[in-house]
$ cat upload.tsv   # TSV, C-alpha atoms
chain	number	residue	atom	x	y	z
A	109	MET	CA	180.23	166.68	100.07
A	110	ASN	CA	178.05	164.79	102.51
A	111	LYS	CA	177.75	161.06	102.05
A	112	PRO	CA	174.23	159.79	101.50
A	113	ASN	CA	172.53	158.56	104.70
A	114	LEU	CA	172.05	154.88	103.81
A	115	TYR	CA	170.18	154.20	107.05
A	116	ASN	CA	167.52	156.86	106.32
A	117	ARG	CA	167.20	155.78	102.71
A	118	GLY	CA	166.72	152.18	103.85
A	119	ARG	CA	164.05	153.21	106.29
A	120	SER	CA	162.18	155.14	103.57
A	121	PHE	CA	162.33	152.18	101.21
A	122	ILE	CA	160.99	149.81	103.89
A	123	GLY	CA	158.16	152.26	104.66
A	124	ILE	CA	157.10	152.33	101.01
A	125	ILE	CA	157.09	148.53	100.86
A	126	ILE	CA	154.92	148.31	104.00
A	127	VAL	CA	152.39	150.79	102.53
A	128	ILE	CA	152.21	148.77	99.29
A	129	ILE	CA	151.69	145.52	101.22
A	130	VAL	CA	148.92	147.08	103.37
A	131	VAL	CA	147.13	148.40	100.26
A	132	LEU	CA	147.39	144.99	98.58
A	133	LEU	CA	146.07	143.20	101.67
A	134	ILE	CA	143.11	145.56	101.89
A	135	GLY	CA	142.36	145.04	98.19
A	136	VAL	CA	142.63	141.26	98.37
A	137	GLY	CA	140.55	141.21	101.55
A	138	LEU	CA	137.84	143.32	99.92
A	139	PHE	CA	137.88	141.09	96.84
A	140	PHE	CA	137.39	137.91	98.83
A	141	TYR	CA	134.78	139.54	101.07
A	142	LEU	CA	132.64	140.60	98.09
A	143	ASN	CA	133.06	137.24	96.39
A	144	SER	CA	132.16	135.39	99.55
A	145	LYS	CA	128.99	137.47	99.72
A	146	ARG	CA	128.18	136.50	96.14
A	147	ALA	CA	128.96	132.84	96.81
A	148	ASN	CA	126.72	132.91	99.87
A	149	ILE	CA	123.63	134.15	98.00
A	150	PRO	CA	122.33	130.60	97.28
A	151	GLU	CA	123.09	129.68	100.89
A	152	ILE	CA	121.15	132.70	102.11
A	153	ILE	CA	118.22	131.71	99.91
A	154	GLN	CA	118.55	128.15	101.20
A	155	LYS	CA	118.43	129.37	104.83
A	156	GLU	CA	115.39	131.49	104.05
A	157	GLN	CA	113.83	128.40	102.42
A	158	GLU	CA	114.47	126.37	105.57
A	159	GLN	CA	112.93	129.16	107.64
A	160	ILE	CA	109.83	129.04	105.44
A	161	THR	CA	109.38	125.30	105.74
A	162	GLN	CA	109.82	125.35	109.51
A	163	GLU	CA	107.16	127.99	110.13
A	164	LYS	CA	103.96	126.28	111.25
A	165	ALA	CA	101.92	129.25	112.35
A	166	SER	CA	99.93	129.11	109.11
A	167	VAL	CA	100.08	125.54	107.82
A	168	PHE	CA	97.73	126.08	104.90
A	169	ASP	CA	99.12	129.45	103.85
A	170	LEU	CA	99.83	129.05	100.14
A	171	SER	CA	102.33	131.89	100.20
A	172	LYS	CA	104.68	129.41	101.90
A	173	CYS	CA	104.53	127.20	98.80
A	174	GLU	CA	104.97	130.15	96.46
A	175	GLU	CA	108.17	131.21	98.21
A	176	MET	CA	109.80	127.79	97.92
A	177	PHE	CA	113.01	127.80	95.91
A	178	GLN	CA	113.10	124.28	94.42
A	179	PRO	CA	110.35	123.58	91.80
A	180	TYR	CA	109.78	119.97	92.87
A	181	MET	CA	109.39	121.13	96.47
A	182	LYS	CA	106.86	123.71	95.36
A	183	HIS	CA	104.92	120.96	93.54
A	184	ASP	CA	104.96	118.78	96.64
A	185	CYS	CA	103.86	121.68	98.81
A	186	TYR	CA	100.87	122.53	96.59
A	187	SER	CA	99.91	118.85	96.35
A	188	ASN	CA	100.07	118.37	100.13
A	189	VAL	CA	97.88	121.41	100.79
A	190	ALA	CA	95.47	120.49	97.97
A	191	LYS	CA	95.02	116.97	99.39
A	192	VAL	CA	94.37	118.24	102.90
A	193	LYS	CA	91.92	120.92	101.72
A	194	GLN	CA	90.59	118.78	98.81
A	195	ASP	CA	90.86	121.87	96.64
A	196	LEU	CA	91.54	121.38	92.92
A	197	SER	CA	92.29	125.05	92.36
A	198	ILE	CA	95.48	124.58	94.37
A	199	CYS	CA	96.59	121.82	91.97
A	200	ASP	CA	96.15	124.28	89.11
A	201	LYS	CA	98.97	126.37	90.54
A	202	ILE	CA	101.42	123.58	89.61
A	203	ASP	CA	103.12	124.47	86.32
A	204	SER	CA	104.00	120.89	85.34
A	205	GLU	CA	101.02	119.18	83.68
A	206	TYR	CA	102.10	115.72	84.85
A	207	PHE	CA	102.48	116.77	88.49
A	208	LYS	CA	99.23	118.73	88.26
A	209	GLU	CA	97.44	115.54	87.19
A	210	LEU	CA	99.13	113.60	89.99
A	211	CYS	CA	97.65	116.21	92.33
A	212	TYR	CA	94.12	115.72	90.92
A	213	SER	CA	94.03	111.95	91.43
A	214	PRO	CA	93.96	111.62	95.26
A	215	ILE	CA	91.35	114.39	95.46
A	216	ALA	CA	89.19	112.56	92.90
A	217	VAL	CA	89.48	109.34	94.91
A	218	ALA	CA	88.78	111.09	98.22
A	219	LYS	CA	85.66	112.70	96.73
A	220	GLN	CA	84.87	109.59	94.61
A	221	ASP	CA	84.33	111.99	91.74
A	222	LEU	CA	85.00	110.63	88.23
A	223	SER	CA	84.65	114.09	86.68
A	224	ILE	CA	87.93	115.02	88.36
A	225	CYS	CA	89.59	111.96	86.79
A	226	ASP	CA	88.37	113.29	83.43
A	227	LYS	CA	90.56	116.36	83.88
A	228	ILE	CA	93.57	114.00	83.62
A	229	GLN	CA	94.98	113.69	80.09
A	230	THR	CA	97.67	111.07	80.80
A	231	GLN	CA	95.79	107.84	80.13
A	232	SER	CA	97.70	105.70	82.63
A	233	LEU	CA	97.01	108.22	85.43
A	234	LYS	CA	93.36	108.46	84.39
A	235	GLY	CA	93.05	104.66	84.35
A	236	ASN	CA	94.55	104.49	87.82
A	237	CYS	CA	92.20	107.23	89.03
A	238	TYR	CA	89.12	105.37	87.69
A	239	SER	CA	90.38	102.07	89.12
A	240	ASN	CA	90.84	103.47	92.62
A	241	ILE	CA	87.35	104.99	92.66
A	242	ALA	CA	85.89	101.73	91.31
A	243	GLU	CA	87.65	99.81	94.09
A	244	ALA	CA	86.39	102.26	96.74
A	245	LYS	CA	82.83	101.95	95.46
A	246	GLN	CA	83.24	98.28	94.42
A	247	ASP	CA	81.51	99.36	91.22
A	248	LEU	CA	82.33	97.22	88.17
A	249	SER	CA	80.60	99.62	85.77
A	250	ILE	CA	83.36	102.16	86.37
A	251	CYS	CA	85.95	99.65	85.15
A	252	ASN	CA	84.00	99.33	81.88
A	253	GLN	CA	84.56	103.03	81.21
A	254	ILE	CA	88.36	102.65	81.18
A	255	GLN	CA	89.80	102.77	77.64
A	256	ILE	CA	93.21	101.17	78.20
A	257	PRO	CA	92.83	97.34	78.40
A	258	GLU	CA	95.66	96.92	80.95
A	259	TRP	CA	94.05	99.39	83.34
A	260	LYS	CA	90.61	97.89	82.79
A	261	ASP	CA	92.06	94.50	83.78
A	262	HIS	CA	93.72	96.12	86.79
A	263	CYS	CA	90.37	97.61	87.80
A	264	TYR	CA	88.61	94.22	87.55
A	265	SER	CA	91.38	92.64	89.63
A	266	LEU	CA	91.07	95.24	92.41
A	267	ILE	CA	87.32	94.66	92.76
A	268	ALA	CA	87.69	90.87	92.46
A	269	GLN	CA	90.20	90.89	95.32
A	270	ALA	CA	88.07	93.27	97.39
A	271	LYS	CA	85.04	91.00	96.96
A	272	GLN	CA	87.12	87.77	96.87
A	273	ASP	CA	85.10	86.85	93.78
A	274	LEU	CA	86.87	84.54	91.29
A	275	SER	CA	84.20	85.14	88.62
A	276	LEU	CA	85.40	88.74	88.36
A	277	CYS	CA	88.96	87.50	87.69
A	278	ASP	CA	87.53	85.76	84.61
A	279	LYS	CA	86.67	89.15	83.11
A	280	ILE	CA	90.41	89.93	82.89
A	281	GLN	CA	91.74	89.58	79.32
A	282	TYR	CA	95.46	89.18	79.96
A	283	GLN	CA	96.09	85.66	81.26
A	284	GLY	CA	99.01	86.66	83.45
A	285	ASP	CA	96.90	89.23	85.32
A	286	LYS	CA	94.05	86.72	85.56
A	287	ASN	CA	96.38	84.17	87.18
A	288	LEU	CA	97.64	86.82	89.59
A	289	CYS	CA	94.05	87.71	90.49
A	290	TYR	CA	93.38	84.01	91.29
A	291	ALA	CA	96.57	83.82	93.37
A	292	ARG	CA	95.70	86.88	95.45
A	293	ILE	CA	92.23	85.56	96.24
A	294	ALA	CA	93.75	82.17	97.09
A	295	GLU	CA	96.16	83.97	99.42
A	296	ALA	CA	93.36	85.93	101.09
A	297	LYS	CA	91.24	82.81	101.55
A	298	GLN	CA	94.27	80.60	102.29
A	299	ASP	CA	92.74	78.14	99.83
A	300	LEU	CA	95.21	75.96	97.93
A	301	ALA	CA	92.43	74.51	95.75
A	302	ILE	CA	92.15	77.87	93.95
A	303	CYS	CA	95.80	77.56	92.89
A	304	ASP	CA	94.98	74.26	91.18
A	305	GLN	CA	92.66	76.11	88.79
A	306	ILE	CA	95.69	77.94	87.33
A	307	GLN	CA	96.98	76.15	84.22
A	308	ASP	CA	100.40	77.82	83.91
A	309	LYS	CA	102.75	75.79	86.15
A	310	ARG	CA	105.02	78.68	87.08
A	311	LYS	CA	102.04	80.88	87.99
A	312	LYS	CA	100.60	77.96	89.95
A	313	ASP	CA	103.89	77.72	91.85
A	314	PHE	CA	103.63	81.42	92.63
A	315	CYS	CA	100.12	80.82	93.97
A	316	TYR	CA	101.39	77.96	96.16
A	317	SER	CA	104.12	80.29	97.42
A	318	VAL	CA	101.79	83.06	98.62
A	319	VAL	CA	99.30	80.59	100.11
A	320	GLY	CA	102.12	78.69	101.85
A	321	ALA	CA	103.36	81.94	103.38
A	322	ALA	CA	99.82	82.95	104.40
A	323	LYS	CA	99.21	79.59	106.06
A	324	LYS	CA	102.79	79.39	107.46
A	325	ASP	CA	102.93	75.85	106.09
A	326	LEU	CA	106.35	74.65	104.90
A	327	SER	CA	104.86	71.51	103.33
A	328	ILE	CA	103.18	73.73	100.72
A	329	CYS	CA	106.59	75.11	99.71
A	330	ASP	CA	107.64	71.53	98.95
A	331	LYS	CA	104.83	71.26	96.37
A	332	ILE	CA	106.61	73.87	94.27
A	333	ILE	CA	108.67	72.10	91.60
A	334	GLN	CA	108.88	74.34	88.52
A	335	ASN	CA	109.97	77.66	89.95
A	336	GLN	CA	112.83	77.79	92.47
A	337	LYS	CA	112.24	81.52	93.01
A	338	SER	CA	108.68	80.84	94.14
A	339	LYS	CA	109.92	78.08	96.46
A	340	ASP	CA	112.53	80.43	97.95
A	341	ASP	CA	109.89	83.16	98.30
A	342	CYS	CA	107.61	80.67	100.05
A	343	TYR	CA	110.31	79.84	102.61
A	344	SER	CA	111.10	83.54	103.02
A	345	GLY	CA	107.46	84.49	103.59
A	346	ILE	CA	107.05	81.81	106.27
A	347	ALA	CA	110.36	82.75	107.93
A	348	LYS	CA	109.17	86.36	108.21
A	349	ALA	CA	105.71	85.37	109.43
A	350	LYS	CA	107.15	83.03	112.07
A	351	GLU	CA	110.14	85.27	112.79
A	352	ASP	CA	112.27	82.16	112.40
A	353	LEU	CA	115.74	82.79	110.95
A	354	SER	CA	116.51	79.07	110.56
A	355	ILE	CA	113.90	78.75	107.77
A	356	CYS	CA	115.98	81.14	105.64
A	357	GLU	CA	118.66	78.42	105.41
A	358	ASN	CA	116.32	76.40	103.12
A	359	ILE	CA	116.69	79.09	100.44
A	360	GLN	CA	119.13	78.27	97.62
A	361	ASP	CA	119.68	81.68	96.00
A	362	GLN	CA	122.01	83.83	98.12
A	363	SER	CA	120.39	87.16	97.20
A	364	ARG	CA	116.96	85.84	98.21
A	365	LYS	CA	118.49	84.38	101.38
A	366	ASN	CA	119.75	87.90	102.17
A	367	GLU	CA	116.21	89.20	101.58
A	368	CYS	CA	114.94	86.56	104.01
A	369	TYR	CA	117.44	87.66	106.67
A	370	TYR	CA	116.37	91.24	106.08
A	371	GLY	CA	112.67	90.35	106.42
A	372	VAL	CA	113.17	88.43	109.66
A	373	ALA	CA	115.40	91.19	111.09
A	374	VAL	CA	112.73	93.82	110.40
A	375	ALA	CA	109.94	91.57	111.73
A	376	LYS	CA	111.88	90.97	114.96
A	377	GLN	CA	113.45	94.45	114.98
A	378	ASP	CA	116.77	92.72	115.60
A	379	LEU	CA	119.83	94.67	114.39
A	380	SER	CA	122.14	91.69	114.84
A	381	ILE	CA	120.32	89.86	112.03
A	382	CYS	CA	120.89	92.83	109.69
A	383	ASP	CA	124.62	92.11	110.08
A	384	LYS	CA	124.09	88.73	108.36
A	385	VAL	CA	122.94	90.48	105.18
A	386	GLU	CA	125.79	90.50	102.62
A	387	SER	CA	124.53	93.30	100.37
A	388	GLN	CA	125.45	96.68	101.86
A	389	PHE	CA	122.40	98.29	100.25
A	390	SER	CA	120.04	95.73	101.84
A	391	LYS	CA	121.94	95.95	105.14
A	392	ASP	CA	121.51	99.75	105.16
A	393	LEU	CA	117.82	99.32	104.31
A	394	CYS	CA	117.51	96.84	107.16
A	395	TYR	CA	119.00	99.32	109.63
A	396	SER	CA	116.75	102.08	108.28
A	397	ASN	CA	113.52	100.08	108.66
A	398	ILE	CA	114.33	99.13	112.24
A	399	ALA	CA	115.42	102.68	113.07
A	400	VAL	CA	112.11	104.07	111.78
A	401	ALA	CA	110.08	101.35	113.53
A	402	LYS	CA	111.85	102.13	116.83
A	403	GLN	CA	112.05	105.88	116.09
A	404	ASP	CA	115.73	105.66	117.07
A	405	ILE	CA	118.00	108.05	115.13
A	406	SER	CA	121.13	106.47	116.60
A	407	ILE	CA	120.47	103.40	114.43
A	408	CYS	CA	120.56	105.63	111.32
A	409	ASN	CA	124.24	106.26	112.09
A	410	LYS	CA	125.01	102.62	111.24
A	411	ILE	CA	124.00	103.27	107.61
A	412	GLN	CA	127.01	103.72	105.31
A	413	ASP	CA	125.33	105.34	102.31
A	414	GLN	CA	124.76	109.04	103.05
A	415	THR	CA	121.58	109.22	100.95
A	416	GLY	CA	120.18	106.27	102.87
A	417	LYS	CA	121.22	107.86	106.16
A	418	ASP	CA	119.51	111.15	105.20
A	419	GLY	CA	116.37	109.19	104.25
A	420	CYS	CA	116.43	107.45	107.62
A	421	TYR	CA	116.60	110.76	109.48
A	422	SER	CA	113.80	112.18	107.31
A	423	ASP	CA	111.46	109.23	107.90
A	424	ILE	CA	111.94	109.40	111.67
A	425	ALA	CA	111.51	113.19	111.65
A	426	GLN	CA	108.18	112.80	109.86
A	427	LYS	CA	107.05	109.98	112.11
A	428	LYS	CA	107.89	111.98	115.25
A	429	GLN	CA	106.87	115.32	113.67
A	430	ASP	CA	110.18	116.71	114.91
A	431	SER	CA	111.83	119.20	112.55
A	432	SER	CA	115.00	119.28	114.65
A	433	ILE	CA	115.86	115.83	113.29
A	434	CYS	CA	115.83	117.31	109.77
A	435	ASP	CA	118.88	119.35	110.84
A	436	MET	CA	120.92	116.12	110.83
A	437	ILE	CA	120.39	115.67	107.07
A	438	GLN	CA	123.44	116.65	104.98
A	439	ASP	CA	121.86	117.11	101.55
A	440	LYS	CA	120.23	120.55	101.50
A	441	ASP	CA	117.37	119.63	99.15
A	442	SER	CA	116.54	116.55	101.24
A	443	LYS	CA	116.70	118.69	104.37
A	444	ASN	CA	114.26	121.22	102.88
A	445	LEU	CA	111.90	118.46	101.78
A	446	CYS	CA	112.02	117.03	105.29
A	447	TYR	CA	110.98	120.40	106.73
A	448	SER	CA	108.24	120.72	104.12
A	449	ASN	CA	106.78	117.28	104.79
A	450	ILE	CA	106.62	118.00	108.52
A	451	ALA	CA	105.14	121.45	107.99
A	452	PHE	CA	102.33	119.98	105.96
$ encode --input "upload.tsv" --output "structure tokens"
Amino acid sequence: MNKPNLYNRGRSFIGIIIVIIVVLLIGVGLFFYLNSKRANIPEIIQKEQEQITQEKASVFDLSKCEEMFQPYMKHDCYSNVAKVKQDLSICDKIDSEYFKELCYSPIAVAKQDLSICDKIQTQSLKGNCYSNIAEAKQDLSICNQIQIPEWKDHCYSLIAQAKQDLSLCDKIQYQGDKNLCYARIAEAKQDLAICDQIQDKRKKDFCYSVVGAAKKDLSICDKIIQNQKSKDDCYSGIAKAKEDLSICENIQDQSRKNECYYGVAVAKQDLSICDKVESQFSKDLCYSNIAVAKQDISICNKIQDQTGKDGCYSDIAQKKQDSSICDMIQDKDSKNLCYSNIAF
């Protein structure tokens, strides 16, 4: 009897194993391929979305808005086109009532048409719409049509400031808003005597603060005795106006001193002053403002917070109308919005 050929049997066994492994590899490969295709569907849609927002051949083609994937981007797109074309029917395509009313308001103001404001059901938005038209027309009678007292006061204040008329401030019911109205007119006129008509000492200090900053007069800051915040704000305002960092050292509160550093840095567009700011958020904001002012994307790279960095890129992209800068944004929704804002 022949002995079994162990070599041949071994070779057969190995061959079977190889076939099984090949089949398994093909199956696993197919599985992952199909799943990767499924996983990439949102990414494909996202890329199509970016393609849509970058196309500028037909800027006012509403089909571009209709094809947008993110609802808030679609709202922004309709609003942007509606404002440019001053066409209310485009606002009506927005499915959110609140965002639809937000779309109406700038068109109403541009056309100075109160009947458009009347389409707005949200009373605060309607009050704001009426107030802005009243300010544009400097028409007090429009303020009288506003139902909400706070917005009626706001409307009076806007016209009072536009006309620099203190008698109109006296029509304001809420004393705090009336004092603020006085302070803003005092600031515009650089008239300290107006501040002295304010009875509330803290509000009077605020008035001194804004007038001191407007006049760039440190001696006015020294008149502030009740409210340290107003005194600090006075120093800060003058430091920014004079672009003088040394004035910030008069400020007692460290957070407001940081704000002063930030203000002077932005005024002078000096990055080295941003480095004096202790708060990382304010420091990032400082870098961002200077980057946008200089239209220098390399400064954005100094920002630590990624959201802030993306915002910096977006602002410069819009200012330069350069969609290629949007490509540097990491967050996909922010990137799409960047493309959309440039497209429209």
$ residues_near_point --input "upload.tsv" --point "(105.4, 72.6, 101.7)" --cutoff "12 Å" --atoms "only C-alpha atoms" --output "list in words"
Leu300, Asp313, Tyr316, Ser317, Val318, Val319, Gly320, Ala321, Lys323, Lys324, Asp325, Leu326, Ser327, Ile328, Cys329, Asp330, Lys331, Ile332, Ile333, Ser338, Lys339, Asp340, Asp341, Cys342, Tyr343, Ile346 and Asn358 of chain A
$ residues_near_point --input "upload.tsv" --point "(94.5, 90.9, 82.5)" --cutoff "10 Å" --atoms "all atoms listed in the file" --output "list of chain:residue names"
A:Pro257, A:Glu258, A:Trp259, A:Lys260, A:Asp261, A:His262, A:Cys263, A:Tyr264, A:Ser265, A:Cys277, A:Asp278, A:Lys279, A:Ile280, A:Gln281, A:Tyr282, A:Gln283, A:Gly284, A:Asp285, A:Lys286, A:Asn287, A:Leu288, A:Cys289
$ write_last_selection --input "upload.tsv" --atoms "C-alpha atoms" --output "short mmCIF file (atom, residue, chain, number, x, y, z; two decimals), keeping the file's coordinate frame"
data_model
loop_
_atom_site.label_atom_id
_atom_site.label_comp_id
_atom_site.auth_asym_id
_atom_site.auth_seq_id
_atom_site.Cartn_x
_atom_site.Cartn_y
_atom_site.Cartn_z
CA PRO A 257 92.83 97.34 78.40
CA GLU A 258 95.66 96.92 80.95
CA TRP A 259 94.05 99.39 83.34
CA LYS A 260 90.61 97.89 82.79
CA ASP A 261 92.06 94.50 83.78
CA HIS A 262 93.72 96.12 86.79
CA CYS A 263 90.37 97.61 87.80
CA TYR A 264 88.61 94.22 87.55
CA SER A 265 91.38 92.64 89.63
CA CYS A 277 88.96 87.50 87.69
CA ASP A 278 87.53 85.76 84.61
CA LYS A 279 86.67 89.15 83.11
CA ILE A 280 90.41 89.93 82.89
CA GLN A 281 91.74 89.58 79.32
CA TYR A 282 95.46 89.18 79.96
CA GLN A 283 96.09 85.66 81.26
CA GLY A 284 99.01 86.66 83.45
CA ASP A 285 96.90 89.23 85.32
CA LYS A 286 94.05 86.72 85.56
CA ASN A 287 96.38 84.17 87.18
CA LEU A 288 97.64 86.82 89.59
CA CYS A 289 94.05 87.71 90.49
#
$ atom_distance --input "upload.tsv" --atom1 "atom CA of Gln220 of chain A" --atom2 "atom CA of Ile256 of chain A"
20.2 Å
$ residues_around --input "upload.tsv" --residues "Lys208 of chain A" --least-positions-apart "3" --cutoff "12 Å" --atoms "all atoms listed in the file" --output "number ranges by chain"
A: 180, 182-188, 190, 196-205, 211-215, 224-225, 227-230, 233
$ residues_around --input "upload.tsv" --residues "Asp352 of chain A" --least-positions-apart "2" --cutoff "10 Å" --atoms "all atoms listed in the file" --output "compact mmCIF listing (two decimals) with C-alpha atoms, in the coordinates of the input"
# COMPACT_ATOMS: atom_id res chain seq x y z
CA SER A 344 111.10 83.54 103.02
CA ILE A 346 107.05 81.81 106.27
CA ALA A 347 110.36 82.75 107.93
CA LYS A 348 109.17 86.36 108.21
CA ALA A 349 105.71 85.37 109.43
CA LYS A 350 107.15 83.03 112.07
CA SER A 354 116.51 79.07 110.56
CA ILE A 355 113.90 78.75 107.77
CA CYS A 356 115.98 81.14 105.64
CA CYS A 368 114.94 86.56 104.01
CA TYR A 369 117.44 87.66 106.67
CA VAL A 372 113.17 88.43 109.66
CA ALA A 373 115.40 91.19 111.09
CA ALA A 375 109.94 91.57 111.73
CA LYS A 376 111.88 90.97 114.96
$ atom_distance --input "upload.tsv" --atom1 "atom CA of Tyr447 of chain A" --atom2 "atom CA of Leu379 of chain A"
28.3 Å
$ atom_distance --input "upload.tsv" --atom1 "atom CA of Gln336 of chain A" --atom2 "atom CA of Ser387 of chain A"
21.0 Å
$ residues_around --input "upload.tsv" --residues "Cys382 of chain A" --least-positions-apart "4" --cutoff "9 Å" --atoms "all atoms listed in the file" --output "list of chain:residue names"
A:Tyr369, A:Tyr370, A:Val372, A:Ala373, A:Val374, A:Asp378, A:Glu386, A:Ser390, A:Lys391, A:Asp392, A:Leu393, A:Cys394, A:Tyr395
$ write_last_selection --input "upload.tsv" --atoms "C-alpha atoms" --output "PDB file, in the frame of the given file"
ATOM      1  CA  TYR A 369     117.440  87.660 106.670  1.00  0.00           C
ATOM      2  CA  TYR A 370     116.370  91.240 106.080  1.00  0.00           C
ATOM      3  CA  VAL A 372     113.170  88.430 109.660  1.00  0.00           C
ATOM      4  CA  ALA A 373     115.400  91.190 111.090  1.00  0.00           C
ATOM      5  CA  VAL A 374     112.730  93.820 110.400  1.00  0.00           C
ATOM      6  CA  ASP A 378     116.770  92.720 115.600  1.00  0.00           C
ATOM      7  CA  GLU A 386     125.790  90.500 102.620  1.00  0.00           C
ATOM      8  CA  SER A 390     120.040  95.730 101.840  1.00  0.00           C
ATOM      9  CA  LYS A 391     121.940  95.950 105.140  1.00  0.00           C
ATOM     10  CA  ASP A 392     121.510  99.750 105.160  1.00  0.00           C
ATOM     11  CA  LEU A 393     117.820  99.320 104.310  1.00  0.00           C
ATOM     12  CA  CYS A 394     117.510  96.840 107.160  1.00  0.00           C
ATOM     13  CA  TYR A 395     119.000  99.320 109.630  1.00  0.00           C
TER      14      TYR A 395
END
$ axis_aligned_box --input "upload.tsv" --around "segment 261-274 of chain A" --padding-each-side "5 Å" --output "lines of an AutoDock Vina configuration file"
center_x = 89.4
center_y = 91.1
center_z = 90.6
size_x = 18.7
size_y = 23.1
size_z = 23.6
$ residues_around --input "upload.tsv" --residues "Asp430 of chain A" --least-positions-apart "5" --cutoff "10 Å" --atoms "all atoms listed in the file" --output "number ranges by chain"
A: 422, 424-425, 435, 446-447, 450-451
